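**Student:** Next comes run-v8.cif, mmCIF, N, CA, C and O atoms:
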```cif
data_model
#
loop_
_atom_site.label_atom_id
_atom_site.label_comp_id
_atom_site.auth_asym_id
_atom_site.auth_seq_id
_atom_site.Cartn_x
_atom_site.Cartn_y
_atom_site.Cartn_z
N MET A 29 0.83 -1.18 0.00
CA MET A 29 0.00 0.00 0.00
C MET A 29 0.88 1.25 0.00
O MET A 29 1.85 1.33 0.74
N ILE A 30 0.54 2.21 -0.79
CA ILE A 30 1.31 3.45 -0.92
C ILE A 30 0.78 4.48 0.09
O ILE A 30 -0.42 4.69 0.21
N ASP A 31 1.69 5.15 0.79
CA ASP A 31 1.32 6.18 1.75
C ASP A 31 1.31 7.53 1.04
O ASP A 31 2.35 8.03 0.63
N PHE A 32 0.12 8.11 0.88
CA PHE A 32 -0.01 9.41 0.22
C PHE A 32 0.00 10.58 1.19
O PHE A 32 -0.16 11.73 0.81
N GLY A 33 0.15 10.29 2.49
CA GLY A 33 0.20 11.36 3.48
C GLY A 33 -1.16 11.76 4.02
O GLY A 33 -1.28 12.71 4.78
N PHE A 34 -2.21 11.04 3.66
CA PHE A 34 -3.53 11.31 4.19
C PHE A 34 -4.31 10.01 4.21
O PHE A 34 -3.92 9.03 3.61
N GLN A 35 -5.42 10.04 4.94
CA GLN A 35 -6.27 8.86 5.02
C GLN A 35 -7.68 9.25 4.62
O GLN A 35 -8.12 10.38 4.87
N ILE A 36 -8.37 8.32 4.04
CA ILE A 36 -9.79 8.56 3.73
C ILE A 36 -10.59 8.11 4.93
O ILE A 36 -10.55 6.96 5.33
N ASN A 37 -11.28 9.05 5.53
CA ASN A 37 -12.08 8.77 6.72
C ASN A 37 -13.47 8.31 6.33
O ASN A 37 -13.89 8.44 5.18
N GLN A 38 -14.17 7.85 7.32
CA GLN A 38 -15.56 7.47 7.11
C GLN A 38 -16.37 8.71 6.70
O GLN A 38 -16.09 9.83 7.13
N GLY A 39 -17.37 8.49 5.88
CA GLY A 39 -18.23 9.59 5.46
C GLY A 39 -19.03 10.14 6.63
O GLY A 39 -19.33 9.43 7.59
N ARG A 40 -19.34 11.37 6.57
CA ARG A 40 -20.12 12.02 7.62
C ARG A 40 -21.57 12.06 7.20
O ARG A 40 -21.89 12.24 6.03
N THR A 41 -22.44 11.94 8.17
CA THR A 41 -23.87 12.05 7.89
C THR A 41 -24.41 13.26 8.65
O THR A 41 -24.02 13.53 9.78
N ILE A 42 -25.29 13.94 8.01
CA ILE A 42 -25.93 15.11 8.60
C ILE A 42 -27.41 14.79 8.73
O ILE A 42 -28.07 14.46 7.74
N ASN A 43 -27.91 14.89 9.95
CA ASN A 43 -29.31 14.62 10.19
C ASN A 43 -30.12 15.88 9.89
O ASN A 43 -30.04 16.87 10.62
N LEU A 44 -30.88 15.85 8.82
CA LEU A 44 -31.69 17.00 8.44
C LEU A 44 -33.11 16.92 8.98
O LEU A 44 -33.93 17.79 8.72
N ASP A 45 -33.38 15.86 9.73
CA ASP A 45 -34.70 15.67 10.31
C ASP A 45 -34.72 16.29 11.71
O ASP A 45 -34.64 15.61 12.72
N ILE A 46 -34.77 17.62 11.76
CA ILE A 46 -34.70 18.34 13.03
C ILE A 46 -36.02 19.04 13.30
O ILE A 46 -36.82 19.29 12.40
N ASP A 47 -36.24 19.36 14.56
CA ASP A 47 -37.44 20.07 14.98
C ASP A 47 -37.29 21.54 14.62
O ASP A 47 -36.46 22.25 15.21
N ARG A 48 -38.06 22.02 13.67
CA ARG A 48 -37.96 23.41 13.21
C ARG A 48 -38.86 24.36 13.99
O ARG A 48 -38.85 25.56 13.77
N ALA A 49 -39.66 23.84 14.93
CA ALA A 49 -40.60 24.69 15.68
C ALA A 49 -39.90 25.81 16.45
O ALA A 49 -40.34 26.96 16.38
N PRO A 50 -38.81 25.53 17.18
CA PRO A 50 -38.13 26.63 17.88
C PRO A 50 -37.60 27.70 16.92
O PRO A 50 -37.65 28.89 17.21
N PHE A 51 -37.10 27.28 15.77
CA PHE A 51 -36.60 28.22 14.77
C PHE A 51 -37.72 29.12 14.26
O PHE A 51 -37.56 30.34 14.17
N LYS A 52 -38.86 28.53 13.96
CA LYS A 52 -40.01 29.32 13.47
C LYS A 52 -40.53 30.25 14.55
O LYS A 52 -40.95 31.36 14.27
N GLN A 53 -40.48 29.80 15.80
CA GLN A 53 -40.90 30.63 16.92
C GLN A 53 -39.99 31.85 17.05
O GLN A 53 -40.46 32.97 17.27
N LEU A 54 -38.70 31.66 16.87
CA LEU A 54 -37.75 32.77 16.94
C LEU A 54 -37.96 33.74 15.79
O LEU A 54 -37.89 34.96 15.98
N GLU A 55 -38.24 33.23 14.61
CA GLU A 55 -38.50 34.10 13.46
C GLU A 55 -39.71 34.99 13.69
O GLU A 55 -39.75 36.13 13.25
N LYS A 56 -40.72 34.46 14.41
CA LYS A 56 -41.92 35.26 14.70
C LYS A 56 -41.63 36.36 15.71
O LYS A 56 -42.11 37.48 15.57
N THR A 57 -40.84 36.04 16.75
CA THR A 57 -40.60 37.02 17.80
C THR A 57 -39.53 38.04 17.43
O THR A 57 -39.63 39.20 17.80
N VAL A 58 -38.49 37.60 16.71
CA VAL A 58 -37.42 38.51 16.28
C VAL A 58 -37.31 38.39 14.76
O VAL A 58 -36.52 37.62 14.23
N GLY A 59 -38.13 39.15 14.06
CA GLY A 59 -38.18 39.08 12.60
C GLY A 59 -36.88 39.42 11.91
O GLY A 59 -36.60 38.92 10.82
N SER A 60 -36.07 40.24 12.54
CA SER A 60 -34.80 40.64 11.93
C SER A 60 -33.80 39.49 11.90
O SER A 60 -32.77 39.59 11.22
N PHE A 61 -34.09 38.41 12.58
CA PHE A 61 -33.22 37.23 12.62
C PHE A 61 -32.89 36.73 11.21
O PHE A 61 -31.78 36.31 10.94
N LYS A 62 -33.85 36.84 10.30
CA LYS A 62 -33.66 36.36 8.93
C LYS A 62 -32.69 37.22 8.13
O LYS A 62 -32.15 36.79 7.13
N ARG A 63 -32.48 38.46 8.56
CA ARG A 63 -31.60 39.37 7.81
C ARG A 63 -30.12 39.15 8.06
O ARG A 63 -29.28 39.71 7.37
N CYS A 64 -29.79 38.34 9.04
CA CYS A 64 -28.38 38.13 9.41
C CYS A 64 -27.61 37.49 8.27
O CYS A 64 -28.04 36.50 7.68
N ILE A 65 -26.45 38.08 7.95
CA ILE A 65 -25.59 37.54 6.89
C ILE A 65 -24.33 36.91 7.49
O ILE A 65 -23.41 36.55 6.78
N ARG A 66 -24.30 36.81 8.83
CA ARG A 66 -23.19 36.20 9.56
C ARG A 66 -21.84 36.82 9.21
O ARG A 66 -20.86 36.14 8.94
N CYS A 67 -21.80 38.13 9.23
CA CYS A 67 -20.58 38.87 8.86
C CYS A 67 -19.53 38.84 9.96
O CYS A 67 -18.35 39.00 9.70
N GLY A 68 -19.95 38.68 11.22
CA GLY A 68 -19.01 38.61 12.33
C GLY A 68 -18.73 39.92 13.03
O GLY A 68 -17.95 39.95 13.98
N THR A 69 -19.37 40.99 12.62
CA THR A 69 -19.16 42.28 13.27
C THR A 69 -19.57 42.22 14.73
O THR A 69 -18.90 42.78 15.60
N CYS A 70 -20.65 41.52 14.99
CA CYS A 70 -21.15 41.39 16.37
C CYS A 70 -20.12 40.70 17.26
O CYS A 70 -19.84 41.14 18.37
N THR A 71 -19.56 39.63 16.77
CA THR A 71 -18.58 38.87 17.54
C THR A 71 -17.29 39.67 17.74
O THR A 71 -16.65 39.58 18.79
N ALA A 72 -16.92 40.47 16.76
CA ALA A 72 -15.70 41.27 16.86
C ALA A 72 -15.79 42.31 17.97
O ALA A 72 -14.77 42.67 18.57
N THR A 73 -16.98 42.81 18.26
CA THR A 73 -17.13 43.83 19.30
C THR A 73 -17.61 43.28 20.63
O THR A 73 -17.71 44.01 21.60
N CYS A 74 -17.88 42.00 20.68
CA CYS A 74 -18.46 41.37 21.87
C CYS A 74 -17.46 41.31 23.03
O CYS A 74 -16.35 40.82 22.88
N SER A 75 -17.89 41.81 24.19
CA SER A 75 -17.04 41.76 25.39
C SER A 75 -16.85 40.33 25.87
O SER A 75 -15.77 39.95 26.30
N ALA A 76 -17.89 39.52 25.80
CA ALA A 76 -17.80 38.13 26.26
C ALA A 76 -16.89 37.31 25.35
O ALA A 76 -16.19 36.42 25.82
N ALA A 77 -16.88 37.62 24.08
CA ALA A 77 -16.06 36.87 23.12
C ALA A 77 -14.57 37.10 23.33
O ALA A 77 -13.75 36.27 22.93
N GLN A 78 -14.22 38.21 23.96
CA GLN A 78 -12.81 38.50 24.22
C GLN A 78 -12.22 37.59 25.29
O GLN A 78 -11.02 37.35 25.32
N PHE A 79 -13.08 37.08 26.17
CA PHE A 79 -12.61 36.28 27.30
C PHE A 79 -13.09 34.83 27.29
O PHE A 79 -12.62 34.02 28.07
N THR A 80 -14.05 34.51 26.44
CA THR A 80 -14.60 33.16 26.36
C THR A 80 -14.68 32.75 24.89
O THR A 80 -14.28 33.52 24.01
N ASP A 81 -15.23 31.61 24.64
CA ASP A 81 -15.40 31.17 23.25
C ASP A 81 -16.80 31.54 22.71
O ASP A 81 -17.28 30.96 21.75
N PHE A 82 -17.43 32.53 23.32
CA PHE A 82 -18.75 32.99 22.89
C PHE A 82 -18.66 33.58 21.49
O PHE A 82 -17.77 34.38 21.19
N ASN A 83 -19.56 33.15 20.62
CA ASN A 83 -19.55 33.60 19.23
C ASN A 83 -20.98 33.63 18.72
O ASN A 83 -21.62 32.58 18.60
N ILE A 84 -21.48 34.80 18.42
CA ILE A 84 -22.87 34.95 18.00
C ILE A 84 -23.12 34.25 16.66
O ILE A 84 -24.17 33.67 16.44
N ARG A 85 -22.14 34.26 15.78
CA ARG A 85 -22.30 33.55 14.51
C ARG A 85 -22.50 32.05 14.73
O ARG A 85 -23.33 31.43 14.08
N LYS A 86 -21.73 31.47 15.65
CA LYS A 86 -21.90 30.05 15.95
C LYS A 86 -23.27 29.78 16.55
O LYS A 86 -23.90 28.78 16.25
N ILE A 87 -23.72 30.68 17.41
CA ILE A 87 -25.02 30.53 18.03
C ILE A 87 -26.11 30.56 16.97
O ILE A 87 -27.03 29.74 16.96
N HIS A 88 -26.01 31.51 16.06
CA HIS A 88 -26.98 31.63 14.96
C HIS A 88 -26.99 30.35 14.13
O HIS A 88 -28.04 29.80 13.81
N THR A 89 -25.82 29.85 13.80
CA THR A 89 -25.70 28.64 12.98
C THR A 89 -26.24 27.42 13.71
O THR A 89 -26.99 26.63 13.13
N LYS A 90 -25.89 27.26 14.97
CA LYS A 90 -26.37 26.11 15.74
C LYS A 90 -27.88 26.15 15.94
O LYS A 90 -28.54 25.12 15.88
N PHE A 91 -28.42 27.33 16.16
CA PHE A 91 -29.88 27.43 16.32
C PHE A 91 -30.57 27.10 15.01
O PHE A 91 -31.57 26.38 14.99
N SER A 92 -30.04 27.60 13.91
CA SER A 92 -30.63 27.32 12.59
C SER A 92 -30.55 25.83 12.24
O SER A 92 -31.43 25.31 11.56
N ALA A 93 -29.49 25.17 12.70
CA ALA A 93 -29.29 23.76 12.38
C ALA A 93 -29.96 22.83 13.39
O ALA A 93 -29.88 21.61 13.25
N GLY A 94 -30.58 23.38 14.42
CA GLY A 94 -31.26 22.55 15.40
C GLY A 94 -30.35 21.89 16.41
O GLY A 94 -30.71 20.89 17.01
N MET A 95 -29.18 22.45 16.64
CA MET A 95 -28.22 21.90 17.60
C MET A 95 -28.46 22.54 18.96
O MET A 95 -27.61 23.23 19.52
N TYR A 96 -29.64 22.28 19.53
CA TYR A 96 -30.08 22.98 20.73
C TYR A 96 -29.33 22.59 21.99
O TYR A 96 -29.16 23.42 22.88
N GLU A 97 -28.85 21.35 22.09
CA GLU A 97 -28.16 20.90 23.29
C GLU A 97 -26.86 21.69 23.48
O GLU A 97 -26.55 22.14 24.58
N GLU A 98 -26.09 21.84 22.43
CA GLU A 98 -24.84 22.58 22.49
C GLU A 98 -25.10 24.08 22.69
O GLU A 98 -24.32 24.77 23.33
N LEU A 99 -26.18 24.55 22.16
CA LEU A 99 -26.50 25.98 22.18
C LEU A 99 -26.72 26.50 23.59
O LEU A 99 -26.30 27.60 23.92
N ALA A 100 -27.35 25.70 24.44
CA ALA A 100 -27.64 26.13 25.81
C ALA A 100 -26.36 26.51 26.56
O ALA A 100 -26.34 27.50 27.29
N GLU A 101 -25.29 25.74 26.35
CA GLU A 101 -24.02 26.05 27.00
C GLU A 101 -23.32 27.23 26.34
O GLU A 101 -22.73 28.06 27.02
N ASN A 102 -23.38 27.31 25.03
CA ASN A 102 -22.68 28.37 24.30
C ASN A 102 -23.26 29.76 24.53
O ASN A 102 -22.57 30.76 24.35
N ILE A 103 -24.51 29.84 24.91
CA ILE A 103 -25.17 31.13 25.05
C ILE A 103 -24.99 31.74 26.44
O ILE A 103 -25.21 32.94 26.62
N LYS A 104 -24.54 30.96 27.40
CA LYS A 104 -24.41 31.43 28.78
C LYS A 104 -23.49 32.64 28.97
O LYS A 104 -23.80 33.51 29.77
N PRO A 105 -22.35 32.74 28.29
CA PRO A 105 -21.44 33.87 28.55
C PRO A 105 -21.99 35.25 28.17
O PRO A 105 -21.44 36.27 28.60
N CYS A 106 -23.05 35.32 27.38
CA CYS A 106 -23.57 36.62 26.94
C CYS A 106 -24.01 37.45 28.14
O CYS A 106 -24.80 37.01 28.97
N MET A 107 -23.52 38.69 28.20
CA MET A 107 -23.83 39.60 29.30
C MET A 107 -24.96 40.56 28.95
O MET A 107 -25.29 41.44 29.73
N LEU A 108 -25.52 40.45 27.74
CA LEU A 108 -26.61 41.29 27.26
C LEU A 108 -26.28 42.78 27.31
O LEU A 108 -27.11 43.61 27.60
N CYS A 109 -25.03 43.10 26.99
CA CYS A 109 -24.58 44.50 27.04
C CYS A 109 -25.13 45.32 25.86
O CYS A 109 -25.28 46.52 25.95
N GLY A 110 -25.38 44.66 24.74
CA GLY A 110 -25.96 45.35 23.58
C GLY A 110 -24.97 45.93 22.60
O GLY A 110 -25.36 46.57 21.63
N LYS A 111 -23.67 45.74 22.82
CA LYS A 111 -22.68 46.26 21.87
C LYS A 111 -22.89 45.69 20.48
O LYS A 111 -22.73 46.39 19.49
N CYS A 112 -23.24 44.41 20.42
CA CYS A 112 -23.43 43.74 19.13
C CYS A 112 -24.57 44.39 18.34
O CYS A 112 -24.47 44.56 17.12
N THR A 113 -25.62 44.79 19.03
CA THR A 113 -26.76 45.42 18.38
C THR A 113 -26.36 46.77 17.79
O THR A 113 -26.82 47.14 16.71
N LEU A 114 -25.51 47.50 18.50
CA LEU A 114 -25.08 48.82 18.03
C LEU A 114 -24.27 48.77 16.74
O LEU A 114 -24.34 49.68 15.93
N VAL A 115 -23.49 47.72 16.55
CA VAL A 115 -22.60 47.65 15.39
C VAL A 115 -23.15 46.82 14.22
O VAL A 115 -22.55 46.80 13.15
N CYS A 116 -24.25 46.16 14.41
CA CYS A 116 -24.78 45.28 13.37
C CYS A 116 -25.15 46.07 12.11
O CYS A 116 -25.98 46.98 12.17
N PRO A 117 -24.54 45.74 10.97
CA PRO A 117 -24.83 46.49 9.73
C PRO A 117 -26.22 46.23 9.18
O PRO A 117 -26.72 47.00 8.37
N ARG A 118 -26.86 45.15 9.62
CA ARG A 118 -28.20 44.80 9.14
C ARG A 118 -29.30 45.26 10.10
O ARG A 118 -30.47 45.04 9.85
N GLY A 119 -28.92 45.88 11.21
CA GLY A 119 -29.89 46.41 12.15
C GLY A 119 -30.63 45.35 12.94
O GLY A 119 -31.77 45.55 13.35
N ILE A 120 -29.99 44.23 13.19
CA ILE A 120 -30.62 43.14 13.94
C ILE A 120 -30.50 43.42 15.43
O ILE A 120 -29.43 43.78 15.92
N ASN A 121 -31.60 43.25 16.13
CA ASN A 121 -31.59 43.44 17.57
C ASN A 121 -31.07 42.15 18.21
O ASN A 121 -31.84 41.27 18.59
N LEU A 122 -29.76 42.03 18.31
CA LEU A 122 -29.13 40.80 18.79
C LEU A 122 -29.36 40.57 20.27
O LEU A 122 -29.43 39.42 20.72
N ARG A 123 -29.52 41.61 21.01
CA ARG A 123 -29.83 41.47 22.44
C ARG A 123 -31.18 40.77 22.60
O ARG A 123 -31.31 39.82 23.35
N SER A 124 -32.16 41.23 21.85
CA SER A 124 -33.47 40.59 21.87
C SER A 124 -33.40 39.16 21.36
O SER A 124 -34.08 38.27 21.86
N LEU A 125 -32.55 38.94 20.37
CA LEU A 125 -32.37 37.60 19.82
C LEU A 125 -31.86 36.64 20.88
O LEU A 125 -32.41 35.55 21.06
N ILE A 126 -30.84 37.04 21.62
CA ILE A 126 -30.27 36.19 22.67
C ILE A 126 -31.30 35.92 23.76
O ILE A 126 -31.47 34.79 24.23
N ILE A 127 -32.01 36.97 24.18
CA ILE A 127 -33.04 36.82 25.22
C ILE A 127 -34.11 35.82 24.76
O ILE A 127 -34.51 34.94 25.52
N ASN A 128 -34.55 35.94 23.52
CA ASN A 128 -35.59 35.06 23.01
C ASN A 128 -35.10 33.63 22.77
O ASN A 128 -35.85 32.68 22.95
N ILE A 129 -33.84 33.47 22.39
CA ILE A 129 -33.28 32.12 22.26
C ILE A 129 -33.27 31.45 23.63
O ILE A 129 -33.67 30.29 23.76
N ARG A 130 -32.85 32.18 24.65
CA ARG A 130 -32.85 31.62 26.01
C ARG A 130 -34.27 31.22 26.43
O ARG A 130 -34.48 30.15 27.01
N LYS A 131 -35.22 32.10 26.14
CA LYS A 131 -36.61 31.83 26.49
C LYS A 131 -37.14 30.60 25.76
O LYS A 131 -37.79 29.74 26.36
N ILE A 132 -36.87 30.50 24.48
CA ILE A 132 -37.34 29.36 23.67
C ILE A 132 -36.71 28.06 24.16
O ILE A 132 -37.39 27.03 24.27
N LEU A 133 -35.42 28.08 24.45
CA LEU A 133 -34.76 26.88 24.96
C LEU A 133 -35.37 26.43 26.28
O LEU A 133 -35.58 25.24 26.53
N LYS A 134 -35.68 27.40 27.14
CA LYS A 134 -36.28 27.07 28.44
C LYS A 134 -37.70 26.54 28.26
O LYS A 134 -38.08 25.54 28.90
N GLU A 135 -38.51 27.18 27.42
CA GLU A 135 -39.89 26.76 27.20
C GLU A 135 -39.98 25.36 26.61
O GLU A 135 -40.89 24.60 26.91
N ASN A 136 -39.05 25.03 25.74
CA ASN A 136 -39.07 23.73 25.05
C ASN A 136 -38.21 22.67 25.75
O ASN A 136 -37.99 21.59 25.19
N ASN A 137 -37.70 22.99 26.93
CA ASN A 137 -36.85 22.07 27.71
C ASN A 137 -35.70 21.52 26.88
O ASN A 137 -35.42 20.34 26.86
N LEU A 138 -35.01 22.43 26.18
CA LEU A 138 -33.89 22.02 25.33
C LEU A 138 -32.57 22.35 25.99
O LEU A 138 -32.43 23.13 26.82
#
```
Could you show the structure in this file as structure tokens?

**Tutor:**
Amino acid sequence: MIDFGFQINQGRTINLDIDRAPFKQLEKTVGSFKRCIRCGTCTATCSAAQFTDFNIRKIHTKFSAGMYEELAENIKPCMLCGKCTLVCPRGINLRSLIINIRKILKENNL
């Protein structure tokens, strides 16, 4: 066998059969959620992100993908200071978004 310097790993599977109800609930309460282009401006100015691994883009992606178990831990460092909302080029109320994600996770026992 020839060593090419890499290995072919097992294929990955993505479960697309996720509960979309929490996502739709968030879209109703924070309509600007859909306008996010995940540019990272919010994370660049975030006070919590400077000292922890808090990342609003990751939170947005995990919530959209239905990865609710991981999301509950990732959202804890947010201090709700509102800096992210001030710098968002799309005018998304990220403070409200975080508050509503926390509320939805609690209501749905996720």

**Student:** Name every residue that the PyMOL selection byres ((chain A and resi 63-80) around 8) selects in this structure, writing the answer as a ChimeraX atom specification with chains first and numbers rising.

**Tutor:** /A:58-62,81-86,105-120

**Student:** Looking at only C-alpha atoms, which of A:Ile87, A:Thr57, A:Met95, A:Ala100 is the one that sits closest to A:Asn128?

**Tutor:** A:Thr57

**Student:** Rounded to one decimal, what separation in Å do you get between atom O of A:Phe91 and atom N of A:Lys52?

**Tutor:** 7.7 Å

**Student:** What is the distance, in Å and to one decimal place, between atom C of A:Asn121 and atom N of A:Glu135?

**Tutor:**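 Between atom C of A:Asn121 and atom N of A:Glu135 the gap is 19.1 Å.
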
**Student:** From the list A:Ile126, A:Ile103, A:Ala93, A:Ile30, which residue is nearest A:Ile46 when using all atoms listed in the file?

**Tutor:**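 Looking at the shortest contact to A:Ile46, the residue is A:Ala93.
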
**Student:** Go through A:Leu138, A:Thr89, A:Phe32, A:Gly94 and flag the residue nearest A:Asp45, using only N, CA, C and O atoms for the distances.

**Tutor:**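 Among A:Leu138, A:Thr89, A:Phe32, A:Gly94, it is A:Gly94 that comes nearest to A:Asp45.
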
**Student:** So the first atom is atom N of A:Gln53 and the second is atom N of A:Glu101; what is the distance between them in Å, to one decimal place?

**Tutor:**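 For atom N of A:Gln53 relative to atom N of A:Glu101, the distance reads 18.9 Å.
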
**Student:** Could you complete stretch 113-122 of chain A so that it carries all heavy atoms, and give it back as an mmCIF file, keeping the file's coordinate frame?

**Tutor:**
```cif
data_model
loop_
_atom_site.group_PDB
_atom_site.id
_atom_site.type_symbol
_atom_site.label_atom_id
_atom_site.label_comp_id
_atom_site.auth_asym_id
_atom_site.auth_seq_id
_atom_site.Cartn_x
_atom_site.Cartn_y
_atom_site.Cartn_z
ATOM 1 N N THR A 113 -25.620 44.790 19.030
ATOM 2 C CA THR A 113 -26.760 45.420 18.380
ATOM 3 C C THR A 113 -26.360 46.770 17.790
ATOM 4 O O THR A 113 -26.820 47.140 16.710
ATOM 5 C CB THR A 113 -27.921 45.592 19.380
ATOM 6 O OG1 THR A 113 -28.276 44.297 19.876
ATOM 7 C CG2 THR A 113 -29.123 46.235 18.747
ATOM 8 N N LEU A 114 -25.510 47.500 18.500
ATOM 9 C CA LEU A 114 -25.080 48.820 18.030
ATOM 10 C C LEU A 114 -24.270 48.770 16.740
ATOM 11 O O LEU A 114 -24.340 49.680 15.930
ATOM 12 C CB LEU A 114 -24.263 49.526 19.114
ATOM 13 C CG LEU A 114 -25.016 49.892 20.393
ATOM 14 C CD1 LEU A 114 -24.032 50.406 21.445
ATOM 15 C CD2 LEU A 114 -26.084 50.918 20.110
ATOM 16 N N VAL A 115 -23.490 47.720 16.550
ATOM 17 C CA VAL A 115 -22.600 47.650 15.390
ATOM 18 C C VAL A 115 -23.150 46.820 14.220
ATOM 19 O O VAL A 115 -22.550 46.800 13.150
ATOM 20 C CB VAL A 115 -21.209 47.126 15.774
ATOM 21 C CG1 VAL A 115 -20.551 48.050 16.771
ATOM 22 C CG2 VAL A 115 -21.279 45.711 16.290
ATOM 23 N N CYS A 116 -24.250 46.160 14.410
ATOM 24 C CA CYS A 116 -24.780 45.280 13.370
ATOM 25 C C CYS A 116 -25.150 46.070 12.110
ATOM 26 O O CYS A 116 -25.980 46.980 12.170
ATOM 27 C CB CYS A 116 -26.007 44.514 13.860
ATOM 28 S SG CYS A 116 -26.707 43.426 12.608
ATOM 29 N N PRO A 117 -24.540 45.740 10.970
ATOM 30 C CA PRO A 117 -24.830 46.490 9.730
ATOM 31 C C PRO A 117 -26.220 46.230 9.180
ATOM 32 O O PRO A 117 -26.720 47.000 8.370
ATOM 33 C CB PRO A 117 -23.752 46.002 8.754
ATOM 34 C CG PRO A 117 -23.361 44.667 9.247
ATOM 35 C CD PRO A 117 -23.525 44.708 10.740
ATOM 36 N N ARG A 118 -26.860 45.150 9.620
ATOM 37 C CA ARG A 118 -28.200 44.800 9.140
ATOM 38 C C ARG A 118 -29.300 45.260 10.100
ATOM 39 O O ARG A 118 -30.470 45.040 9.850
ATOM 40 C CB ARG A 118 -28.306 43.291 8.932
ATOM 41 C CG ARG A 118 -27.276 42.702 7.988
ATOM 42 C CD ARG A 118 -27.524 43.122 6.580
ATOM 43 N NE ARG A 118 -28.751 42.496 6.120
ATOM 44 C CZ ARG A 118 -29.058 42.248 4.889
ATOM 45 N NH1 ARG A 118 -28.210 42.556 3.949
ATOM 46 N NH2 ARG A 118 -30.190 41.707 4.562
ATOM 47 N N GLY A 119 -28.920 45.880 11.210
ATOM 48 C CA GLY A 119 -29.890 46.410 12.150
ATOM 49 C C GLY A 119 -30.630 45.350 12.940
ATOM 50 O O GLY A 119 -31.770 45.550 13.350
ATOM 51 N N ILE A 120 -29.990 44.230 13.190
ATOM 52 C CA ILE A 120 -30.620 43.140 13.940
ATOM 53 C C ILE A 120 -30.500 43.420 15.430
ATOM 54 O O ILE A 120 -29.430 43.780 15.920
ATOM 55 C CB ILE A 120 -29.957 41.796 13.596
ATOM 56 C CG1 ILE A 120 -30.102 41.514 12.104
ATOM 57 C CG2 ILE A 120 -30.552 40.665 14.423
ATOM 58 C CD1 ILE A 120 -29.280 40.365 11.604
ATOM 59 N N ASN A 121 -31.600 43.250 16.130
ATOM 60 C CA ASN A 121 -31.590 43.440 17.570
ATOM 61 C C ASN A 121 -31.070 42.150 18.210
ATOM 62 O O ASN A 121 -31.840 41.270 18.590
ATOM 63 C CB ASN A 121 -32.991 43.767 18.075
ATOM 64 C CG ASN A 121 -33.011 44.142 19.529
ATOM 65 O OD1 ASN A 121 -32.036 43.927 20.250
ATOM 66 N ND2 ASN A 121 -34.122 44.696 19.971
ATOM 67 N N LEU A 122 -29.760 42.030 18.310
ATOM 68 C CA LEU A 122 -29.130 40.800 18.790
ATOM 69 C C LEU A 122 -29.360 40.570 20.270
ATOM 70 O O LEU A 122 -29.430 39.420 20.720
ATOM 71 C CB LEU A 122 -27.635 40.820 18.470
ATOM 72 C CG LEU A 122 -27.349 40.749 16.970
ATOM 73 C CD1 LEU A 122 -25.955 41.220 16.665
ATOM 74 C CD2 LEU A 122 -27.574 39.349 16.463
#
```
